[in-house]
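*Asks:* Below is the file upload.pdb, which contains PDB, C-alpha atoms and all ligand atoms.
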ATOM      1  CA  MET A   1      12.592 210.677-245.713
ATOM      2  CA  VAL A   2      12.271 209.610-249.360
ATOM      3  CA  ARG A   3      10.676 206.147-249.693
ATOM      4  CA  ILE A   4      12.002 204.277-252.706
ATOM      5  CA  ILE A   5      10.834 201.312-254.771
ATOM      6  CA  LEU A   6      13.955 199.741-256.282
ATOM      7  CA  SER A   7      13.494 198.021-259.645
ATOM      8  CA  GLY A   8      16.155 195.381-260.328
ATOM      9  CA  CYS A   9      16.825 195.139-256.590
ATOM     10  CA  SER A  10      18.364 191.643-256.798
ATOM     11  CA  GLY A  11      21.001 192.586-259.370
ATOM     12  CA  LYS A  12      24.489 194.008-258.933
ATOM     13  CA  MET A  13      23.302 197.614-258.994
ATOM     14  CA  GLY A  14      20.315 196.682-256.838
ATOM     15  CA  GLU A  15      22.754 195.452-254.211
ATOM     16  CA  ALA A  16      24.856 198.629-254.483
ATOM     17  CA  VAL A  17      21.797 200.912-254.180
ATOM     18  CA  THR A  18      20.541 198.898-251.197
ATOM     19  CA  ALA A  19      23.917 199.341-249.454
ATOM     20  CA  CYS A  20      24.023 203.045-250.331
ATOM     21  CA  ALA A  21      20.488 203.645-249.007
ATOM     22  CA  GLN A  22      21.335 201.918-245.734
ATOM     23  CA  GLN A  23      23.981 204.586-245.121
ATOM     24  CA  ASN A  24      21.777 207.526-246.061
ATOM     25  CA  ASP A  25      19.364 208.846-243.424
ATOM     26  CA  ASN A  26      17.321 210.698-246.073
ATOM     27  CA  VAL A  27      16.146 207.585-247.914
ATOM     28  CA  GLU A  28      14.546 204.240-247.242
ATOM     29  CA  ILE A  29      13.933 201.412-249.697
ATOM     30  CA  VAL A  30      10.399 200.259-248.971
ATOM     31  CA  ALA A  31      10.108 197.604-251.709
ATOM     32  CA  GLY A  32      11.976 195.979-254.548
ATOM     33  CA  VAL A  33      10.840 194.594-257.904
ATOM     34  CA  ASP A  34      12.743 191.751-259.542
ATOM     35  CA  ILE A  35      11.973 188.441-261.250
ATOM     36  CA  TYR A  36      14.487 186.957-258.822
ATOM     37  CA  THR A  37      12.663 187.409-255.512
ATOM     38  CA  SER A  38      14.932 185.367-253.236
ATOM     39  CA  ALA A  39      17.729 187.927-252.766
ATOM     40  CA  LEU A  40      18.448 188.732-249.130
ATOM     41  CA  ARG A  41      16.983 192.200-248.615
ATOM     42  CA  ASP A  42      15.412 193.928-245.613
ATOM     43  CA  TYR A  43      12.371 194.968-247.720
ATOM     44  CA  PRO A  44       9.748 192.952-249.632
ATOM     45  CA  ILE A  45      10.544 191.971-253.242
ATOM     46  CA  PHE A  46       7.702 191.787-255.768
ATOM     47  CA  PRO A  47       8.146 189.832-259.015
ATOM     48  CA  ALA A  48       6.500 192.537-261.150
ATOM     49  CA  PHE A  49       5.183 196.095-260.852
ATOM     50  CA  ASP A  50       1.541 195.019-261.210
ATOM     51  CA  GLU A  51       1.959 192.778-258.167
ATOM     52  CA  ILE A  52       3.030 195.557-255.782
ATOM     53  CA  SER A  53       0.518 196.025-252.988
ATOM     54  CA  GLY A  54       0.379 197.769-249.647
ATOM     55  CA  ILE A  55       3.405 199.991-250.376
ATOM     56  CA  GLU A  56       3.554 203.780-249.909
ATOM     57  CA  ALA A  57       6.448 205.286-251.855
ATOM     58  CA  ASP A  58       7.823 208.634-253.049
ATOM     59  CA  ALA A  59      10.039 207.579-255.981
ATOM     60  CA  VAL A  60      11.202 204.658-258.107
ATOM     61  CA  ILE A  61      14.823 203.890-259.001
ATOM     62  CA  ASP A  62      15.230 201.524-261.935
ATOM     63  CA  PHE A  63      18.443 199.556-262.522
ATOM     64  CA  SER A  64      17.015 196.500-264.256
ATOM     65  CA  ASN A  65      16.435 195.541-267.873
ATOM     66  CA  PRO A  66      14.677 197.236-270.831
ATOM     67  CA  ALA A  67      12.009 194.504-270.588
ATOM     68  CA  VAL A  68      10.861 196.110-267.321
ATOM     69  CA  PHE A  69      10.548 199.613-268.774
ATOM     70  CA  GLU A  70       6.865 199.660-269.826
ATOM     71  CA  PRO A  71       5.361 198.226-266.613
ATOM     72  CA  MET A  72       7.727 200.387-264.550
ATOM     73  CA  ILE A  73       6.876 203.694-266.256
ATOM     74  CA  ASP A  74       3.128 202.840-266.360
ATOM     75  CA  TYR A  75       3.246 202.212-262.599
ATOM     76  CA  CYS A  76       5.009 205.553-261.999
ATOM     77  CA  VAL A  77       2.518 207.510-264.110
ATOM     78  CA  LYS A  78      -0.482 205.763-262.528
ATOM     79  CA  ASN A  79       0.797 206.470-259.006
ATOM     80  CA  SER A  80       2.309 209.932-259.758
ATOM     81  CA  LEU A  81       5.757 208.762-258.679
ATOM     82  CA  PRO A  82       9.005 210.416-259.814
ATOM     83  CA  ALA A  83      11.168 207.922-261.726
ATOM     84  CA  VAL A  84      14.973 207.723-261.769
ATOM     85  CA  ILE A  85      15.745 205.568-264.808
ATOM     86  CA  CYS A  86      19.266 204.192-264.941
ATOM     87  CA  THR A  87      18.705 201.079-267.086
ATOM     88  CA  THR A  88      20.568 201.325-270.388
ATOM     89  CA  GLY A  89      19.796 199.879-273.816
ATOM     90  CA  LEU A  90      16.283 201.388-274.061
ATOM     91  CA  SER A  91      14.824 201.450-277.576
ATOM     92  CA  ASP A  92      13.805 204.649-279.394
ATOM     93  CA  GLU A  93      10.142 203.722-278.758
ATOM     94  CA  GLN A  94      10.846 203.372-275.043
ATOM     95  CA  LYS A  95      12.630 206.732-275.005
ATOM     96  CA  ALA A  96       9.610 208.283-276.738
ATOM     97  CA  LYS A  97       7.377 206.754-274.054
ATOM     98  CA  MET A  98       9.695 208.191-271.402
ATOM     99  CA  ASN A  99       9.282 211.668-272.927
ATOM    100  CA  GLU A 100       5.509 211.187-272.895
ATOM    101  CA  ALA A 101       5.565 210.128-269.235
ATOM    102  CA  ALA A 102       7.663 213.194-268.383
ATOM    103  CA  LYS A 103       4.667 215.349-269.287
ATOM    104  CA  SER A 104       2.882 214.107-266.162
ATOM    105  CA  ILE A 105       5.671 213.031-263.729
ATOM    106  CA  PRO A 106       9.279 214.078-263.040
ATOM    107  CA  VAL A 107      11.629 211.663-264.842
ATOM    108  CA  PHE A 108      15.399 211.579-264.349
ATOM    109  CA  PHE A 109      17.303 209.679-267.010
ATOM    110  CA  SER A 110      21.033 209.271-267.327
ATOM    111  CA  GLY A 111      23.020 206.547-269.015
ATOM    112  CA  ASN A 112      25.661 207.268-266.393
ATOM    113  CA  MET A 113      24.937 208.431-262.858
ATOM    114  CA  SER A 114      28.555 209.273-262.022
ATOM    115  CA  LEU A 115      29.631 212.859-261.363
ATOM    116  CA  GLY A 116      33.062 212.148-262.886
ATOM    117  CA  VAL A 117      31.639 210.870-266.165
ATOM    118  CA  ASN A 118      29.395 213.875-266.469
ATOM    119  CA  LEU A 119      32.412 216.137-265.918
ATOM    120  CA  MET A 120      34.269 214.107-268.550
ATOM    121  CA  ILE A 121      31.448 214.820-270.991
ATOM    122  CA  GLU A 122      31.776 218.564-270.359
ATOM    123  CA  LEU A 123      35.552 218.289-271.003
ATOM    124  CA  ALA A 124      34.915 216.321-274.209
ATOM    125  CA  LYS A 125      32.513 219.031-275.394
ATOM    126  CA  THR A 126      35.178 221.692-274.798
ATOM    127  CA  ALA A 127      37.794 219.601-276.626
ATOM    128  CA  THR A 128      35.380 219.124-279.534
ATOM    129  CA  ARG A 129      34.852 222.866-279.863
ATOM    130  CA  VAL A 130      38.633 223.372-280.100
ATOM    131  CA  LEU A 131      39.695 220.253-282.046
ATOM    132  CA  GLY A 132      36.549 218.858-283.649
ATOM    133  CA  GLY A 133      36.989 220.592-286.981
ATOM    134  CA  SER A 134      40.262 218.839-287.823
ATOM    135  CA  PHE A 135      40.811 215.909-285.414
ATOM    136  CA  ASP A 136      39.303 212.429-285.818
ATOM    137  CA  ILE A 137      37.184 211.432-282.810
ATOM    138  CA  GLU A 138      36.887 207.848-281.568
ATOM    139  CA  ILE A 139      35.269 206.524-278.381
ATOM    140  CA  VAL A 140      36.368 203.290-276.705
ATOM    141  CA  GLU A 141      34.434 201.779-273.820
ATOM    142  CA  GLN A 142      35.167 198.669-271.742
ATOM    143  CA  HIS A 143      32.801 196.717-269.494
ATOM    144  CA  HIS A 144      32.446 193.339-267.782
ATOM    145  CA  ASN A 145      31.597 190.216-269.756
ATOM    146  CA  ARG A 146      27.974 190.040-268.521
ATOM    147  CA  LYS A 147      26.838 193.383-269.931
ATOM    148  CA  ILE A 148      24.126 192.795-272.538
ATOM    149  CA  ASP A 149      23.994 196.104-274.441
ATOM    150  CA  ALA A 150      26.756 197.518-276.636
ATOM    151  CA  PRO A 151      27.936 200.178-276.991
ATOM    152  CA  SER A 152      27.304 201.360-273.448
ATOM    153  CA  GLY A 153      24.680 203.999-272.729
ATOM    154  CA  THR A 154      27.537 206.198-271.504
ATOM    155  CA  ALA A 155      29.452 205.876-274.781
ATOM    156  CA  LEU A 156      26.308 206.989-276.610
ATOM    157  CA  MET A 157      25.847 209.884-274.169
ATOM    158  CA  ILE A 158      29.424 211.007-274.866
ATOM    159  CA  ALA A 159      28.924 210.615-278.621
ATOM    160  CA  ASP A 160      25.662 212.588-278.577
ATOM    161  CA  ALA A 161      27.314 215.384-276.559
ATOM    162  CA  ILE A 162      30.231 215.567-279.019
ATOM    163  CA  LYS A 163      27.888 215.448-282.010
ATOM    164  CA  GLY A 164      25.973 218.389-280.570
ATOM    165  CA  GLU A 165      29.164 220.493-280.666
ATOM    166  CA  LEU A 166      30.063 219.709-284.290
ATOM    167  CA  ASP A 167      28.920 221.903-287.177
ATOM    168  CA  LYS A 168      29.066 219.100-289.723
ATOM    169  CA  GLU A 169      26.646 216.181-290.251
ATOM    170  CA  THR A 170      28.042 213.350-288.139
ATOM    171  CA  GLU A 171      27.444 209.600-288.253
ATOM    172  CA  TYR A 172      28.420 206.910-285.759
ATOM    173  CA  ALA A 173      30.600 204.016-286.958
ATOM    174  CA  PHE A 174      30.002 200.921-284.821
ATOM    175  CA  ASP A 175      31.399 198.426-287.307
ATOM    176  CA  ARG A 176      33.920 198.905-290.092
ATOM    177  CA  THR A 177      34.305 195.240-291.018
ATOM    178  CA  GLN A 178      32.047 195.423-294.070
ATOM    179  CA  ARG A 179      33.822 198.175-295.963
ATOM    180  CA  ARG A 180      37.199 198.708-297.567
ATOM    181  CA  GLU A 181      37.815 202.425-297.451
ATOM    182  CA  PRO A 182      39.669 204.966-295.300
ATOM    183  CA  ARG A 183      38.000 206.450-292.267
ATOM    184  CA  ARG A 184      35.256 208.881-293.214
ATOM    185  CA  LYS A 185      35.888 212.426-292.015
ATOM    186  CA  ASN A 186      32.361 212.900-290.671
ATOM    187  CA  GLU A 187      32.195 209.831-288.436
ATOM    188  CA  ILE A 188      32.715 209.134-284.756
ATOM    189  CA  GLY A 189      33.927 205.575-284.178
ATOM    190  CA  ILE A 190      32.395 203.862-281.136
ATOM    191  CA  HIS A 191      33.998 200.628-279.899
ATOM    192  CA  ALA A 192      32.938 198.189-277.195
ATOM    193  CA  VAL A 193      35.347 195.908-275.316
ATOM    194  CA  ARG A 194      33.831 193.206-273.065
ATOM    195  CA  GLY A 195      35.754 191.159-270.523
ATOM    196  CA  GLY A 196      36.123 189.939-266.959
ATOM    197  CA  THR A 197      34.834 192.186-264.225
ATOM    198  CA  ILE A 198      35.694 195.595-265.737
ATOM    199  CA  VAL A 199      33.345 198.069-264.012
ATOM    200  CA  GLY A 200      33.397 200.754-266.720
ATOM    201  CA  GLU A 201      36.127 202.515-268.730
ATOM    202  CA  HIS A 202      35.446 205.301-271.222
ATOM    203  CA  GLU A 203      37.990 207.076-273.365
ATOM    204  CA  VAL A 204      37.558 209.726-276.038
ATOM    205  CA  ILE A 205      40.455 209.946-278.475
ATOM    206  CA  PHE A 206      40.989 213.118-280.486
ATOM    207  CA  ALA A 207      43.532 212.086-283.131
ATOM    208  CA  GLY A 208      45.207 214.886-285.084
ATOM    209  CA  ASN A 209      48.032 214.829-287.594
ATOM    210  CA  ASP A 210      50.910 214.985-285.127
ATOM    211  CA  GLU A 211      49.235 214.847-281.732
ATOM    212  CA  ILE A 212      46.613 212.891-279.834
ATOM    213  CA  VAL A 213      44.460 214.145-276.968
ATOM    214  CA  LYS A 214      42.729 211.564-274.752
ATOM    215  CA  ILE A 215      40.068 212.167-272.139
ATOM    216  CA  SER A 216      39.181 209.196-269.987
ATOM    217  CA  HIS A 217      37.200 208.071-266.984
ATOM    218  CA  SER A 218      37.653 204.903-264.996
ATOM    219  CA  ALA A 219      34.971 203.602-262.634
ATOM    220  CA  ARG A 220      36.495 201.522-259.821
ATOM    221  CA  SER A 221      33.274 200.344-258.182
ATOM    222  CA  LYS A 222      29.555 200.345-258.876
ATOM    223  CA  SER A 223      28.824 202.300-255.712
ATOM    224  CA  LEU A 224      29.434 205.640-257.470
ATOM    225  CA  PHE A 225      26.433 204.951-259.746
ATOM    226  CA  ALA A 226      24.324 203.942-256.739
ATOM    227  CA  THR A 227      25.184 207.160-254.898
ATOM    228  CA  GLY A 228      24.278 209.201-257.986
ATOM    229  CA  ALA A 229      20.926 207.425-258.340
ATOM    230  CA  VAL A 230      19.985 207.846-254.669
ATOM    231  CA  ASN A 231      20.948 211.543-254.781
ATOM    232  CA  ALA A 232      18.879 211.922-257.957
ATOM    233  CA  ALA A 233      15.830 210.342-256.276
ATOM    234  CA  VAL A 234      16.066 212.778-253.349
ATOM    235  CA  TRP A 235      16.600 215.707-255.730
ATOM    236  CA  LEU A 236      13.709 214.670-257.979
ATOM    237  CA  THR A 237      10.998 214.417-255.344
ATOM    238  CA  GLY A 238       9.058 217.656-255.235
ATOM    239  CA  LYS A 239      10.141 218.648-258.758
ATOM    240  CA  GLN A 240       7.557 219.469-261.420
ATOM    241  CA  SER A 241       6.916 217.025-264.232
ATOM    242  CA  GLY A 242       9.617 217.030-266.908
ATOM    243  CA  LEU A 243      12.672 215.183-268.138
ATOM    244  CA  TYR A 244      15.799 215.835-266.067
ATOM    245  CA  ASN A 245      19.411 214.681-266.302
ATOM    246  CA  MET A 246      22.714 214.975-264.459
ATOM    247  CA  SER A 247      23.469 218.429-265.890
ATOM    248  CA  ASP A 248      20.238 219.730-264.325
ATOM    249  CA  MET A 249      21.177 218.299-260.938
ATOM    250  CA  ILE A 250      24.805 219.450-261.104
ATOM    251  CA  SER A 251      23.788 222.982-262.102
ATOM    252  CA  GLU A 252      21.776 223.282-258.874
ATOM    253  CA  VAL A 253      24.588 222.023-256.595
TER     254      VAL A 253
HETATM  255  N1  LIG B   1      22.974 204.672-265.550
HETATM  256  C1  LIG B   1      24.036 204.192-264.892
HETATM  257  O1  LIG B   1      24.850 204.932-264.311
HETATM  258  C2  LIG B   1      24.244 202.698-264.830
HETATM  259  C3  LIG B   1      25.295 202.149-264.077
HETATM  260  C4  LIG B   1      25.415 200.762-263.979
HETATM  261  C5  LIG B   1      24.488 199.943-264.631
HETATM  262  N2  LIG B   1      23.499 200.515-265.365
HETATM  263  C6  LIG B   1      22.475 199.698-266.041
HETATM  264  O2  LIG B   1      21.585 199.188-265.045
HETATM  265  C7  LIG B   1      21.042 197.941-265.497
HETATM  266  C8  LIG B   1      21.268 196.861-264.446
HETATM  267  O3  LIG B   1      22.657 196.655-264.274
HETATM  268  P1  LIG B   1      23.219 195.502-263.290
HETATM  269  O4  LIG B   1      24.689 195.501-263.455
HETATM  270  O5  LIG B   1      22.642 195.669-261.924
HETATM  271  O6  LIG B   1      22.593 194.192-263.991
HETATM  272  P2  LIG B   1      22.166 192.825-263.306
HETATM  273  O7  LIG B   1      21.965 191.871-264.424
HETATM  274  O8  LIG B   1      23.100 192.452-262.202
HETATM  275  O9  LIG B   1      20.749 193.166-262.627
HETATM  276  C9  LIG B   1      19.543 193.312-263.355
HETATM  277  C10 LIG B   1      18.403 192.838-262.466
HETATM  278  O10 LIG B   1      17.183 193.035-263.196
HETATM  279  C11 LIG B   1      16.388 191.870-263.031
HETATM  280  N3  LIG B   1      15.530 191.662-264.196
HETATM  281  C12 LIG B   1      15.904 191.374-265.465
HETATM  282  N4  LIG B   1      14.827 191.218-266.258
HETATM  283  C13 LIG B   1      13.754 191.440-265.456
HETATM  284  C14 LIG B   1      12.343 191.412-265.711
HETATM  285  N5  LIG B   1      11.853 191.167-266.924
HETATM  286  N6  LIG B   1      11.514 191.682-264.670
HETATM  287  C15 LIG B   1      12.009 191.961-263.436
HETATM  288  N7  LIG B   1      13.353 191.978-263.136
HETATM  289  C16 LIG B   1      14.188 191.723-264.144
HETATM  290  C17 LIG B   1      17.362 190.696-262.897
HETATM  291  O11 LIG B   1      16.775 189.601-262.220
HETATM  292  C18 LIG B   1      18.499 191.345-262.112
HETATM  293  O12 LIG B   1      18.356 191.157-260.722
HETATM  294  C19 LIG B   1      21.730 197.657-266.854
HETATM  295  O13 LIG B   1      20.897 198.161-267.886
HETATM  296  C20 LIG B   1      23.006 198.484-266.764
HETATM  297  O14 LIG B   1      23.543 198.815-268.030
HETATM  298  C21 LIG B   1      23.345 201.868-265.477
END
Transcribe the structure of this file into structure tokens.

*Replies:*
Amino acid sequence: MVRIILSGCSGKMGEAVTACAQQNDNVEIVAGVDIYTSALRDYPIFPAFDEISGIEADAVIDFSNPAVFEPMIDYCVKNSLPAVICTTGLSDEQKAKMNEAAKSIPVFFSGNMSLGVNLMIELAKTATRVLGGSFDIEIVEQHHNRKIDAPSGTALMIADAIKGELDKETEYAFDRTQRREPRRKNEIGIHAVRGGTIVGEHEVIFAGNDEIVKISHSARSKSLFATGAVNAAVWLTGKQSGLYNMSDMISEV
């Protein structure tokens, strides 16, 4: 049984992970951390990591806010707990701190915990190898109107994977409003749509002279991310220190 502390337990993903864990005999959520402590949960909720007491745990899952990152990762390092970090919008400094922490604990980080999205990324890498030299590449993502970071962590994951397959120097274009010039050949456009309750849509467009190839993924509920995070927590316990991602987990399945 893997005992989990769930960071961001009162949020939408916190609710989905709680429901997922209830149906999984291999895991138990033993505590939550959230500034909102009144959510109905069958485990204690602490308002901050430094207020946790009397809890024995095997791993932390974090679906919260970048503001929680430092206390969360410090707690994991201090208590030698594997960390599954799913929060998006982390700064470069926070990512550097994550790499530092991964020298002493196992850390799993993915901007998208869905199996389908990670397959989509592999397909986009293949398409880039075939088309990337001549086709223009644009990424469009869509999410609900309460999401605070843009573009999504997944869009950046896709962009980074594509960039890694290209021979040429590549830059990301998030905003073309300030210039009057044709599209630059060496850029990947990344566009964020926000509205309603959209769970998560990602599309990569490879636009050639007379043909367009599109690769897309559509998330229909948040539970797929919760399942991925819970599976990652089980997979991560017992691993050596290091930074892991979905590809590592998939390659062992
Ligand atoms: N990696 C993935 O696959 C994936 C999938 C979905 C969402 N996410 C990310 O997970 C995060 C949470 O998403 P959500 O939809 O559940 O958001 P949400 O706003 O519903 O939940 C966030 C929770 O964090 C809590 N919180 C915020 N600031 C805090 C603080 N300073 N201290 C303690 N608790 C704090 C809030 O009270 C809230 O309950 C976001 O960064 C989102 O982008 C990642």

*Asks:* Run the PyMOL selection byres (((chain A and resi 20-25) around 12) and not hetatm) on the file and write out the hits as a compact mmCIF listing (two decimals) with C-alpha atoms, in the frame of the given file.

*Replies:*
# COMPACT_ATOMS: atom_id res chain seq x y z
CA MET A 1 12.59 210.68 -245.71
CA VAL A 2 12.27 209.61 -249.36
CA ARG A 3 10.68 206.15 -249.69
CA ILE A 4 12.00 204.28 -252.71
CA ILE A 5 10.83 201.31 -254.77
CA LEU A 6 13.96 199.74 -256.28
CA CYS A 9 16.82 195.14 -256.59
CA MET A 13 23.30 197.61 -258.99
CA GLY A 14 20.32 196.68 -256.84
CA GLU A 15 22.75 195.45 -254.21
CA ALA A 16 24.86 198.63 -254.48
CA VAL A 17 21.80 200.91 -254.18
CA THR A 18 20.54 198.90 -251.20
CA ALA A 19 23.92 199.34 -249.45
CA ASN A 26 17.32 210.70 -246.07
CA VAL A 27 16.15 207.58 -247.91
CA GLU A 28 14.55 204.24 -247.24
CA ILE A 29 13.93 201.41 -249.70
CA VAL A 30 10.40 200.26 -248.97
CA ARG A 41 16.98 192.20 -248.62
CA ASP A 42 15.41 193.93 -245.61
CA TYR A 43 12.37 194.97 -247.72
CA ILE A 61 14.82 203.89 -259.00
CA LYS A 222 29.56 200.34 -258.88
CA SER A 223 28.82 202.30 -255.71
CA LEU A 224 29.43 205.64 -257.47
CA PHE A 225 26.43 204.95 -259.75
CA ALA A 226 24.32 203.94 -256.74
CA THR A 227 25.18 207.16 -254.90
CA GLY A 228 24.28 209.20 -257.99
CA ALA A 229 20.93 207.42 -258.34
CA VAL A 230 19.98 207.85 -254.67
CA ASN A 231 20.95 211.54 -254.78
CA ALA A 233 15.83 210.34 -256.28
CA VAL A 234 16.07 212.78 -253.35

*Asks:* Residue by residue, what does the PyMOL selection byres (((not hetatm)) within 8 of (chain B and resi 1)) grab here? Present the result as a ChimeraX atom specification.

*Replies:* /A:7-15,33-36,47-48,62-68,85-89,109-114,146-149,152-154,222,225-226,228-229

*Asks:* With all atoms listed in the file as the basis for distance, which of A:Asp58, A:Glu211, A:Glu93, A:Asp160 is at the shortest distance from Pro106 of chain A?

*Replies:* A:Asp58

*Asks:* If we count all atoms listed in the file, what is near Val107 of chain A at a cut-off of 8 Å, once residues fewer than 4 positions away on the same chain are taken out, given as a PyMOL selection string?

*Replies:* chain A and resi 82-85+98+101-102+236+241-244

*Asks:* Tell me which residues come within 12 Å of (33.4, 215.1, -265.0), as a PyMOL selection string, counting all atoms listed in the file in the file's coordinates.

*Replies:* chain A and resi 112-126+158+202+215-219+246-247+250

*Asks:* Expressed in Å to a single decimal, how great is the separation between atom CA of Ser104 of chain A and atom CA of Ser80 of chain A?

*Replies:*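 Atom CA of Ser80 of chain A lies 7.7 Å from atom CA of Ser104 of chain A.
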
*Asks:* Using all atoms listed in the file, can you tell me which of A:Lys103, A:Lys214, A:Arg129, A:Lys97 comes closest to Ala161 of chain A?

*Replies:*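 Closest residue, counting all atoms listed in the file: A:Arg129.
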
*Asks:* Could you jot down the atom CA of Phe206 of chain A to atom CA of Leu156 of chain A separation for me, Å, one decimal place?

*Replies:*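 Between these atoms lies a distance of 16.4 Å.
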
*Asks:* Could you check how far atom CA of Asp74 of chain A sits from atom CA of Ser53 of chain A, in Å to one decimal?

*Replies:*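 Rounded to one decimal, the two atoms are 15.2 Å apart.
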
*Asks:* Apply the PyMOL selection byres (((chain A and resi 140) around 7) and not hetatm) to the file shown and report the selected residues as a list in words.

*Replies:* Glu138, Ile139, Glu141, Gln142, Ile190, His191, Ala192, His202, Glu203 and Val204 of chain A

*Asks:* If you count all atoms listed in the file, which residues fall within 10 Å of segment 169-185 of chain A, apart from same-chain ones fewer than 2 positions away, as a VMD selection string?

*Replies:* chain A and resid 133 to 138 150 to 151 156 159 to 160 162 to 164 166 to 167 187 to 192

*Asks:* Measuring atom to atom with all atoms listed in the file, identify which of A:Thr128, A:Glu56, A:Ile45, A:Met72 is nearest to Ala207 of chain A.

*Replies:*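 Checking each candidate against Ala207 of chain A, we get A:Thr128 as the closest.
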
*Asks:* Do you know which residues lie at most 9 Å from (32.4, 188.4, -268.6), with coordinates as in the file and all atoms listed in the file counted, and could you write them as a list in words?

*Replies:* His143, His144, Asn145, Arg146, Lys147, Arg194, Gly195, Gly196, Thr197 and Ile198 of chain A
